[in-house]
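The data block below is entry00.csv; it holds CSV, N, CA and C atoms.
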chain,number,residue,atom,x,y,z
E,1,LEU,N,5.7,-8.3,12.6
E,1,LEU,CA,5.3,-6.9,12.2
E,1,LEU,C,3.7,-6.8,12.3
E,2,SER,N,3.2,-5.7,12.7
E,2,SER,CA,1.8,-5.5,12.6
E,2,SER,C,1.4,-5.1,11.2
E,3,GLN,N,0.1,-5.2,10.9
E,3,GLN,CA,-0.3,-4.8,9.6
E,3,GLN,C,0.0,-3.4,9.2
E,4,ASN,N,0.0,-2.5,10.2
E,4,ASN,CA,0.3,-1.1,9.9
E,4,ASN,C,1.8,-0.9,9.5
E,5,GLU,N,2.6,-1.8,9.9
E,5,GLU,CA,4.0,-1.6,9.6
E,5,GLU,C,4.3,-1.9,8.1
E,6,TYR,N,3.4,-2.5,7.4
E,6,TYR,CA,3.5,-2.8,6.0
E,6,TYR,C,2.9,-1.6,5.2
E,7,ILE,N,2.2,-0.8,5.8
E,7,ILE,CA,1.6,0.4,5.1
E,7,ILE,C,2.5,1.6,5.4
E,8,PRO,N,3.0,2.2,4.4
E,8,PRO,CA,3.9,3.3,4.7
E,8,PRO,C,3.2,4.5,5.3
E,9,LEU,N,4.0,5.3,6.0
E,9,LEU,CA,3.5,6.6,6.5
E,9,LEU,C,3.6,7.6,5.3
E,10,CYS,N,2.9,8.6,5.5
E,10,CYS,CA,2.8,9.6,4.4
E,10,CYS,C,4.1,10.0,3.8
E,11,ASP,N,4.2,9.8,2.5
E,11,ASP,CA,5.5,10.2,1.7
E,11,ASP,C,6.7,9.5,2.3
E,12,TYR,N,6.6,8.5,3.1
E,12,TYR,CA,7.7,7.8,3.8
E,12,TYR,C,8.6,8.8,4.6
E,13,ARG,N,8.2,10.1,4.7
E,13,ARG,CA,9.0,11.0,5.4
E,13,ARG,C,8.3,12.0,6.3
E,14,GLN,N,7.8,11.5,7.4
E,14,GLN,CA,7.1,12.3,8.3
E,14,GLN,C,7.7,12.1,9.7
E,15,PRO,N,7.4,12.9,10.7
E,15,PRO,CA,7.9,12.7,12.0
E,15,PRO,C,7.5,11.4,12.6
E,16,LYS,N,8.3,10.8,13.3
E,16,LYS,CA,8.1,9.4,13.8
E,16,LYS,C,6.9,9.3,14.7
E,17,ASP,N,6.5,10.4,15.3
E,17,ASP,CA,5.3,10.4,16.2
E,17,ASP,C,4.0,10.5,15.4
E,18,SER,N,4.1,10.7,14.2
E,18,SER,CA,2.9,10.9,13.3
E,18,SER,C,2.4,9.5,12.9
E,19,LYS,N,1.1,9.3,12.8
E,19,LYS,CA,0.5,8.1,12.4
E,19,LYS,C,-0.3,8.2,11.1
E,20,GLN,N,0.1,9.2,10.3
E,20,GLN,CA,-0.6,9.4,9.0
E,20,GLN,C,-0.2,8.4,8.0
E,21,LEU,N,-1.1,7.4,7.8
E,21,LEU,CA,-0.8,6.3,6.8
E,21,LEU,C,-1.0,6.9,5.4
E,22,ASP,N,-0.4,6.2,4.4
E,22,ASP,CA,-0.5,6.6,3.0
E,22,ASP,C,-0.7,5.3,2.2
E,23,SER,N,-2.0,5.0,2.1
E,23,SER,CA,-2.4,3.8,1.3
E,23,SER,C,-2.0,3.9,-0.2
E,24,SER,N,-2.0,5.1,-0.7
E,24,SER,CA,-1.6,5.3,-2.1
E,24,SER,C,-0.1,5.0,-2.3
E,25,ALA,N,0.7,5.4,-1.4
E,25,ALA,CA,2.1,5.1,-1.5
E,25,ALA,C,2.4,3.6,-1.3
E,26,GLY,N,1.6,3.0,-0.5
E,26,GLY,CA,1.7,1.5,-0.3
E,26,GLY,C,1.3,0.8,-1.6
E,27,ALA,N,0.2,1.2,-2.2
E,27,ALA,CA,-0.2,0.5,-3.5
E,27,ALA,C,0.8,0.7,-4.6
E,28,ILE,N,1.4,1.9,-4.7
E,28,ILE,CA,2.4,2.2,-5.7
E,28,ILE,C,3.7,1.4,-5.4
E,29,THR,N,4.0,1.3,-4.2
E,29,THR,CA,5.2,0.5,-3.8
E,29,THR,C,5.0,-1.0,-4.1
E,30,ALA,N,3.9,-1.5,-3.7
E,30,ALA,CA,3.6,-2.9,-4.0
E,30,ALA,C,3.7,-3.2,-5.5
E,31,CYS,N,3.1,-2.3,-6.3
E,31,CYS,CA,3.2,-2.5,-7.8
E,31,CYS,C,4.6,-2.5,-8.3
E,32,GLY,N,5.4,-1.6,-7.8
E,32,GLY,CA,6.8,-1.5,-8.1
E,32,GLY,C,7.6,-2.7,-7.7
E,33,LEU,N,7.3,-3.2,-6.5
E,33,LEU,CA,8.0,-4.4,-6.0
E,33,LEU,C,7.8,-5.6,-6.9
E,34,ILE,N,6.5,-5.7,-7.4
E,34,ILE,CA,6.2,-6.8,-8.3
E,34,ILE,C,7.0,-6.7,-9.6
E,35,GLU,N,7.1,-5.5,-10.1
E,35,GLU,CA,7.9,-5.3,-11.3
E,35,GLU,C,9.3,-5.6,-11.1
E,36,ILE,N,9.9,-5.2,-9.9
E,36,ILE,CA,11.3,-5.6,-9.6
E,36,ILE,C,11.4,-7.1,-9.6
E,37,ALA,N,10.5,-7.8,-8.9
E,37,ALA,CA,10.5,-9.2,-8.8
E,37,ALA,C,10.6,-9.9,-10.2
E,38,LYS,N,9.9,-9.3,-11.2
E,38,LYS,CA,10.0,-9.9,-12.5
E,38,LYS,C,11.4,-9.8,-13.1
E,39,ALA,N,12.2,-8.8,-12.7
E,39,ALA,CA,13.4,-8.5,-13.3
E,39,ALA,C,14.7,-9.1,-12.6
E,40,VAL,N,14.5,-9.6,-11.4
E,40,VAL,CA,15.7,-10.1,-10.7
E,40,VAL,C,15.8,-11.6,-10.8
E,41,ASP,N,16.9,-12.1,-10.3
E,41,ASP,CA,17.1,-13.6,-10.3
E,41,ASP,C,16.1,-14.3,-9.4
E,42,GLU,N,15.9,-15.6,-9.7
E,42,GLU,CA,15.0,-16.4,-8.9
E,42,GLU,C,15.2,-16.3,-7.4
E,43,ASN,N,16.5,-16.2,-6.9
E,43,ASN,CA,16.8,-16.2,-5.5
E,43,ASN,C,16.4,-14.9,-4.8
E,44,GLU,N,16.3,-13.9,-5.6
E,44,GLU,CA,15.8,-12.6,-5.0
E,44,GLU,C,14.3,-12.3,-5.2
E,45,LYS,N,13.7,-13.0,-6.1
E,45,LYS,CA,12.3,-12.8,-6.5
E,45,LYS,C,11.4,-12.8,-5.3
E,46,ASN,N,11.6,-13.9,-4.4
E,46,ASN,CA,10.7,-14.0,-3.3
E,46,ASN,C,10.7,-12.9,-2.3
E,47,VAL,N,11.9,-12.2,-2.1
E,47,VAL,CA,12.0,-11.1,-1.2
E,47,VAL,C,11.0,-10.0,-1.7
E,48,TYR,N,11.0,-9.7,-2.9
E,48,TYR,CA,10.2,-8.6,-3.5
E,48,TYR,C,8.7,-9.0,-3.5
E,49,MET,N,8.5,-10.2,-3.9
E,49,MET,CA,7.1,-10.7,-3.9
E,49,MET,C,6.4,-10.8,-2.6
E,50,ASN,N,7.2,-11.2,-1.6
E,50,ASN,CA,6.7,-11.3,-0.2
E,50,ASN,C,6.4,-9.9,0.3
E,51,ALA,N,7.3,-9.0,0.1
E,51,ALA,CA,7.0,-7.6,0.5
E,51,ALA,C,5.8,-7.0,-0.1
E,52,ALA,N,5.6,-7.2,-1.4
E,52,ALA,CA,4.5,-6.7,-2.2
E,52,ALA,C,3.2,-7.4,-1.6
E,53,PHE,N,3.2,-8.7,-1.4
E,53,PHE,CA,2.1,-9.4,-0.9
E,53,PHE,C,1.7,-8.9,0.5
E,54,ASN,N,2.7,-8.7,1.4
E,54,ASN,CA,2.4,-8.2,2.7
E,54,ASN,C,1.8,-6.8,2.7
E,55,ILE,N,2.3,-5.9,1.8
E,55,ILE,CA,1.7,-4.6,1.7
E,55,ILE,C,0.3,-4.7,1.2
E,56,LEU,N,0.0,-5.5,0.2
E,56,LEU,CA,-1.4,-5.6,-0.4
E,56,LEU,C,-2.3,-6.2,0.7
E,57,LYS,N,-1.8,-7.2,1.4
E,57,LYS,CA,-2.7,-7.8,2.4
E,57,LYS,C,-3.0,-6.8,3.5
E,58,SER,N,-2.0,-6.0,3.9
E,58,SER,CA,-2.3,-5.0,5.0
E,58,SER,C,-3.2,-3.9,4.4
E,59,LEU,N,-3.0,-3.5,3.2
E,59,LEU,CA,-3.9,-2.5,2.6
E,59,LEU,C,-5.4,-3.0,2.6
E,60,SER,N,-5.5,-4.3,2.2
E,60,SER,CA,-6.9,-4.8,2.1
E,60,SER,C,-7.5,-4.9,3.5
E,61,GLU,N,-6.7,-5.2,4.5
E,61,GLU,CA,-7.2,-5.3,5.9
E,61,GLU,C,-7.5,-4.0,6.6
E,62,LYS,N,-6.6,-3.0,6.4
E,62,LYS,CA,-6.7,-1.8,7.2
E,62,LYS,C,-7.3,-0.6,6.4
E,63,CYS,N,-7.1,-0.6,5.1
E,63,CYS,CA,-7.4,0.6,4.3
E,63,CYS,C,-8.5,0.3,3.2
E,64,ALA,N,-9.1,-0.8,3.2
E,64,ALA,CA,-10.1,-1.1,2.1
E,64,ALA,C,-11.5,-1.4,2.8
E,65,PRO,N,-12.3,-0.4,2.9
E,65,PRO,CA,-13.6,-0.6,3.5
E,65,PRO,C,-14.5,-1.2,2.4
E,66,TRP,N,-14.6,-2.5,2.4
E,66,TRP,CA,-15.2,-3.2,1.2
E,66,TRP,C,-16.7,-2.9,1.0
E,67,ASP,N,-17.3,-2.2,2.0
E,67,ASP,CA,-18.7,-1.8,1.8
E,67,ASP,C,-18.8,-0.4,1.2
E,68,ASN,N,-17.7,0.3,0.9
E,68,ASN,CA,-17.7,1.6,0.4
E,68,ASN,C,-17.8,1.5,-1.1
E,69,ASP,N,-18.8,2.2,-1.7
E,69,ASP,CA,-18.9,2.2,-3.2
E,69,ASP,C,-18.3,3.4,-3.9
E,70,GLU,N,-17.5,4.2,-3.1
E,70,GLU,CA,-16.9,5.4,-3.7
E,70,GLU,C,-15.4,5.2,-4.0
E,71,ALA,N,-14.8,4.3,-3.2
E,71,ALA,CA,-13.3,4.1,-3.4
E,71,ALA,C,-12.9,2.7,-2.9
E,72,LEU,N,-11.8,2.2,-3.3
E,72,LEU,CA,-11.3,0.9,-2.8
E,72,LEU,C,-10.4,1.1,-1.6
E,73,LEU,N,-9.6,2.2,-1.6
E,73,LEU,CA,-8.7,2.4,-0.5
E,73,LEU,C,-9.0,3.8,0.2
E,74,ILE,N,-8.9,3.8,1.5
E,74,ILE,CA,-9.0,5.1,2.2
E,74,ILE,C,-7.6,5.3,2.9
E,75,TYR,N,-7.4,6.4,3.6
E,75,TYR,CA,-6.1,6.8,4.2
E,75,TYR,C,-5.1,7.1,3.1
E,76,GLY,N,-5.5,7.6,2.0
E,76,GLY,CA,-4.6,8.1,1.0
E,76,GLY,C,-4.2,9.5,1.3
E,77,THR,N,-2.9,9.8,1.1
E,77,THR,CA,-2.4,11.2,1.3
E,77,THR,C,-1.6,11.6,0.1
E,78,SER,N,-1.7,12.8,-0.2
E,78,SER,CA,-0.9,13.3,-1.3
E,78,SER,C,0.4,14.1,-0.8
E,79,GLN,N,0.3,14.6,0.4
E,79,GLN,CA,1.5,15.2,1.0
E,79,GLN,C,1.3,15.2,2.5
E,80,PHE,N,2.4,15.3,3.2
E,80,PHE,CA,2.3,15.4,4.7
E,80,PHE,C,1.8,16.7,5.2
E,81,HIS,N,0.9,16.6,6.1
E,81,HIS,CA,0.5,17.8,6.8
E,81,HIS,C,0.2,17.5,8.2
E,82,ILE,N,0.4,18.4,9.1
E,82,ILE,CA,0.2,18.2,10.5
E,82,ILE,C,-1.3,18.0,10.8
E,83,ILE,N,-1.5,16.9,11.5
E,83,ILE,CA,-2.9,16.6,12.0
E,83,ILE,C,-2.8,16.4,13.5
E,84,ASP,N,-4.0,16.5,14.1
E,84,ASP,CA,-4.0,16.4,15.6
E,84,ASP,C,-3.5,15.0,15.9
E,85,LYS,N,-2.6,14.9,16.8
E,85,LYS,CA,-2.0,13.6,17.2
E,85,LYS,C,-3.0,12.6,17.8
E,86,ASP,N,-4.1,13.2,18.4
E,86,ASP,CA,-5.1,12.3,19.0
E,86,ASP,C,-6.1,11.8,18.0
E,87,VAL,N,-6.1,12.3,16.8
E,87,VAL,CA,-7.1,11.9,15.8
E,87,VAL,C,-6.5,11.0,14.8
E,88,GLU,N,-7.2,9.9,14.5
E,88,GLU,CA,-6.7,8.9,13.5
E,88,GLU,C,-6.7,9.6,12.2
E,89,CYS,N,-5.9,9.1,11.2
E,89,CYS,CA,-5.9,9.6,9.9
E,89,CYS,C,-7.3,9.7,9.3
E,90,ASP,N,-7.4,10.7,8.4
E,90,ASP,CA,-8.7,10.9,7.8
E,90,ASP,C,-9.0,9.8,6.7
E,91,ASN,N,-10.1,9.7,6.2
E,91,ASN,CA,-10.5,8.7,5.3
E,91,ASN,C,-10.4,9.1,3.8
E,92,SER,N,-9.4,9.9,3.5
E,92,SER,CA,-9.2,10.3,2.1
E,92,SER,C,-9.0,9.2,1.2
E,93,ALA,N,-9.6,9.3,0.0
E,93,ALA,CA,-9.5,8.3,-1.0
E,93,ALA,C,-8.8,9.1,-2.2
E,94,LEU,N,-7.9,8.4,-2.8
E,94,LEU,CA,-7.2,9.0,-4.0
E,94,LEU,C,-7.3,8.0,-5.2
E,95,ILE,N,-7.7,8.5,-6.3
E,95,ILE,CA,-8.0,7.7,-7.5
E,95,ILE,C,-6.7,6.9,-7.9
E,96,TYR,N,-5.6,7.5,-7.7
E,96,TYR,CA,-4.4,6.8,-8.1
E,96,TYR,C,-4.0,5.7,-7.1
E,97,GLY,N,-4.4,5.8,-5.9
E,97,GLY,CA,-4.2,4.8,-4.9
E,97,GLY,C,-5.0,3.5,-5.3
E,98,ASP,N,-6.3,3.8,-5.7
E,98,ASP,CA,-7.1,2.7,-6.2
E,98,ASP,C,-6.6,2.1,-7.5
E,99,TYR,N,-6.1,2.9,-8.4
E,99,TYR,CA,-5.5,2.4,-9.6
E,99,TYR,C,-4.4,1.5,-9.4
E,100,TYR,N,-3.4,1.9,-8.6
E,100,TYR,CA,-2.2,1.1,-8.3
E,100,TYR,C,-2.5,-0.2,-7.5
E,101,PHE,N,-3.5,-0.1,-6.6
E,101,PHE,CA,-3.9,-1.2,-5.8
E,101,PHE,C,-4.5,-2.3,-6.8
E,102,ILE,N,-5.3,-1.9,-7.7
E,102,ILE,CA,-5.9,-2.9,-8.7
E,102,ILE,C,-4.7,-3.4,-9.6
E,103,GLU,N,-3.9,-2.5,-10.0
E,103,GLU,CA,-2.8,-2.9,-10.9
E,103,GLU,C,-1.9,-3.9,-10.2
E,104,ALA,N,-1.6,-3.7,-8.9
E,104,ALA,CA,-0.7,-4.6,-8.2
E,104,ALA,C,-1.4,-6.0,-8.0
E,105,VAL,N,-2.7,-6.0,-7.7
E,105,VAL,CA,-3.4,-7.2,-7.5
E,105,VAL,C,-3.5,-8.0,-8.8
E,106,LEU,N,-3.7,-7.3,-9.9
E,106,LEU,CA,-3.7,-8.0,-11.2
E,106,LEU,C,-2.3,-8.5,-11.6
E,107,LYS,N,-1.3,-7.8,-11.3
E,107,LYS,CA,0.1,-8.3,-11.6
E,107,LYS,C,0.4,-9.5,-10.8
E,108,LEU,N,0.0,-9.5,-9.5
E,108,LEU,CA,0.2,-10.6,-8.6
E,108,LEU,C,-0.6,-11.8,-9.1
E,109,ARG,N,-1.8,-11.6,-9.5
E,109,ARG,CA,-2.7,-12.6,-10.0
E,109,ARG,C,-2.1,-13.3,-11.3
E,110,GLU,N,-1.5,-12.5,-12.2
E,110,GLU,CA,-0.9,-13.0,-13.4
E,110,GLU,C,0.3,-13.8,-13.0
E,111,ILE,N,1.1,-13.4,-12.1
E,111,ILE,CA,2.3,-14.2,-11.7
E,111,ILE,C,1.9,-15.5,-11.1
E,112,LEU,N,0.9,-15.5,-10.2
E,112,LEU,CA,0.5,-16.7,-9.5
E,112,LEU,C,-0.2,-17.6,-10.5
E,113,SER,N,-0.9,-17.1,-11.5
E,113,SER,CA,-1.5,-18.1,-12.5
E,113,SER,C,-0.5,-18.7,-13.3
E,114,ASP,N,0.7,-18.1,-13.5
E,114,ASP,CA,1.8,-18.7,-14.3
E,114,ASP,C,2.5,-19.8,-13.5
E,115,CYS,N,2.3,-19.9,-12.2
E,115,CYS,CA,3.0,-20.9,-11.4
E,115,CYS,C,2.4,-22.3,-11.5

Re-express the file's structure as structure tokens.
Amino acid sequence: LSQNEYIPLCDYRQPKDSKQLDSSAGAITACGLIEIAKAVDENEKNVYMNAAFNILKSLSEKCAPWDNDEALLIYGTSQFHIIDKDVECDNSALIYGDYYFIEAVLKLREILSDC
């Protein structure tokens, strides 16, 4: 899978030909997957942790301009809207995308420090 395949498209429900990424949905998903991993049996835990890790890694590589002092994640979307197919997604930053990105990284850090 490419790194974009771990980042959900806007609201998980847009036309297949659209490329509108949703970094905020990815961060929220990663955070939720880590919570699920805490609640399931050991045999299932790795499935959820690996998915969360891959999402966070993709977000950090594709959606986190580390030289930006205004936001951690870009490509956040709050709802699907038609954009020009020839134009890459805009650089929208959403505060809750940043919040859940940090939350997921801290949850992952906590779990890894317990190992």

Show me, as a PDB file with N, CA and C atoms, in the coordinates of the input, the residues that have an atom within 7 Å of stretch 93-107 of chain E when counting all atoms listed in the file, minus same-chain residues fewer than 2 positions from it.
ATOM      1  N   SER E  23      -2.000   5.000   2.100  1.00  0.00           N
ATOM      2  CA  SER E  23      -2.400   3.800   1.300  1.00  0.00           C
ATOM      3  C   SER E  23      -2.000   3.900  -0.200  1.00  0.00           C
ATOM      4  N   SER E  24      -2.000   5.100  -0.700  1.00  0.00           N
ATOM      5  CA  SER E  24      -1.600   5.300  -2.100  1.00  0.00           C
ATOM      6  C   SER E  24      -0.100   5.000  -2.300  1.00  0.00           C
ATOM      7  N   ALA E  25       0.700   5.400  -1.400  1.00  0.00           N
ATOM      8  CA  ALA E  25       2.100   5.100  -1.500  1.00  0.00           C
ATOM      9  C   ALA E  25       2.400   3.600  -1.300  1.00  0.00           C
ATOM     10  N   GLY E  26       1.600   3.000  -0.500  1.00  0.00           N
ATOM     11  CA  GLY E  26       1.700   1.500  -0.300  1.00  0.00           C
ATOM     12  C   GLY E  26       1.300   0.800  -1.600  1.00  0.00           C
ATOM     13  N   ALA E  27       0.200   1.200  -2.200  1.00  0.00           N
ATOM     14  CA  ALA E  27      -0.200   0.500  -3.500  1.00  0.00           C
ATOM     15  C   ALA E  27       0.800   0.700  -4.600  1.00  0.00           C
ATOM     16  N   ILE E  28       1.400   1.900  -4.700  1.00  0.00           N
ATOM     17  CA  ILE E  28       2.400   2.200  -5.700  1.00  0.00           C
ATOM     18  C   ILE E  28       3.700   1.400  -5.400  1.00  0.00           C
ATOM     19  N   ALA E  30       3.900  -1.500  -3.700  1.00  0.00           N
ATOM     20  CA  ALA E  30       3.600  -2.900  -4.000  1.00  0.00           C
ATOM     21  C   ALA E  30       3.700  -3.200  -5.500  1.00  0.00           C
ATOM     22  N   CYS E  31       3.100  -2.300  -6.300  1.00  0.00           N
ATOM     23  CA  CYS E  31       3.200  -2.500  -7.800  1.00  0.00           C
ATOM     24  C   CYS E  31       4.600  -2.500  -8.300  1.00  0.00           C
ATOM     25  N   GLY E  32       5.400  -1.600  -7.800  1.00  0.00           N
ATOM     26  CA  GLY E  32       6.800  -1.500  -8.100  1.00  0.00           C
ATOM     27  C   GLY E  32       7.600  -2.700  -7.700  1.00  0.00           C
ATOM     28  N   ILE E  34       6.500  -5.700  -7.400  1.00  0.00           N
ATOM     29  CA  ILE E  34       6.200  -6.800  -8.300  1.00  0.00           C
ATOM     30  C   ILE E  34       7.000  -6.700  -9.600  1.00  0.00           C
ATOM     31  N   ALA E  71     -14.800   4.300  -3.200  1.00  0.00           N
ATOM     32  CA  ALA E  71     -13.300   4.100  -3.400  1.00  0.00           C
ATOM     33  C   ALA E  71     -12.900   2.700  -2.900  1.00  0.00           C
ATOM     34  N   LEU E  72     -11.800   2.200  -3.300  1.00  0.00           N
ATOM     35  CA  LEU E  72     -11.300   0.900  -2.800  1.00  0.00           C
ATOM     36  C   LEU E  72     -10.400   1.100  -1.600  1.00  0.00           C
ATOM     37  N   LEU E  73      -9.600   2.200  -1.600  1.00  0.00           N
ATOM     38  CA  LEU E  73      -8.700   2.400  -0.500  1.00  0.00           C
ATOM     39  C   LEU E  73      -9.000   3.800   0.200  1.00  0.00           C
ATOM     40  N   ILE E  74      -8.900   3.800   1.500  1.00  0.00           N
ATOM     41  CA  ILE E  74      -9.000   5.100   2.200  1.00  0.00           C
ATOM     42  C   ILE E  74      -7.600   5.300   2.900  1.00  0.00           C
ATOM     43  N   TYR E  75      -7.400   6.400   3.600  1.00  0.00           N
ATOM     44  CA  TYR E  75      -6.100   6.800   4.200  1.00  0.00           C
ATOM     45  C   TYR E  75      -5.100   7.100   3.100  1.00  0.00           C
ATOM     46  N   GLY E  76      -5.500   7.600   2.000  1.00  0.00           N
ATOM     47  CA  GLY E  76      -4.600   8.100   1.000  1.00  0.00           C
ATOM     48  C   GLY E  76      -4.200   9.500   1.300  1.00  0.00           C
ATOM     49  N   THR E  77      -2.900   9.800   1.100  1.00  0.00           N
ATOM     50  CA  THR E  77      -2.400  11.200   1.300  1.00  0.00           C
ATOM     51  C   THR E  77      -1.600  11.600   0.100  1.00  0.00           C
ATOM     52  N   ASP E  90      -7.400  10.700   8.400  1.00  0.00           N
ATOM     53  CA  ASP E  90      -8.700  10.900   7.800  1.00  0.00           C
ATOM     54  C   ASP E  90      -9.000   9.800   6.700  1.00  0.00           C
ATOM     55  N   ASN E  91     -10.100   9.700   6.200  1.00  0.00           N
ATOM     56  CA  ASN E  91     -10.500   8.700   5.300  1.00  0.00           C
ATOM     57  C   ASN E  91     -10.400   9.100   3.800  1.00  0.00           C
ATOM     58  N   ARG E 109      -1.800 -11.600  -9.500  1.00  0.00           N
ATOM     59  CA  ARG E 109      -2.700 -12.600 -10.000  1.00  0.00           C
ATOM     60  C   ARG E 109      -2.100 -13.300 -11.300  1.00  0.00           C
ATOM     61  N   GLU E 110      -1.500 -12.500 -12.200  1.00  0.00           N
ATOM     62  CA  GLU E 110      -0.900 -13.000 -13.400  1.00  0.00           C
ATOM     63  C   GLU E 110       0.300 -13.800 -13.000  1.00  0.00           C
ATOM     64  N   ILE E 111       1.100 -13.400 -12.100  1.00  0.00           N
ATOM     65  CA  ILE E 111       2.300 -14.200 -11.700  1.00  0.00           C
ATOM     66  C   ILE E 111       1.900 -15.500 -11.100  1.00  0.00           C
ATOM     67  N   LEU E 112       0.900 -15.500 -10.200  1.00  0.00           N
ATOM     68  CA  LEU E 112       0.500 -16.700  -9.500  1.00  0.00           C
ATOM     69  C   LEU E 112      -0.200 -17.600 -10.500  1.00  0.00           C
TER      70      LEU E 112
END

Mind pulling up the distance from atom CA of E:Asn43 to atom N of E:Tyr6?
-> 23.1 Å

Quick one, how far is atom CA of E:Leu33 from atom CA of E:Ala51?
->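 Separation of atom CA of E:Leu33 and atom CA of E:Ala51: 7.3 Å.
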
Surrounding residues of E:Ile7 excluding itself and chain neighbours under 5 positions, 6 Å, all atoms listed in the file, as a PyMOL selection string | chain E and resi 21-22+26+55
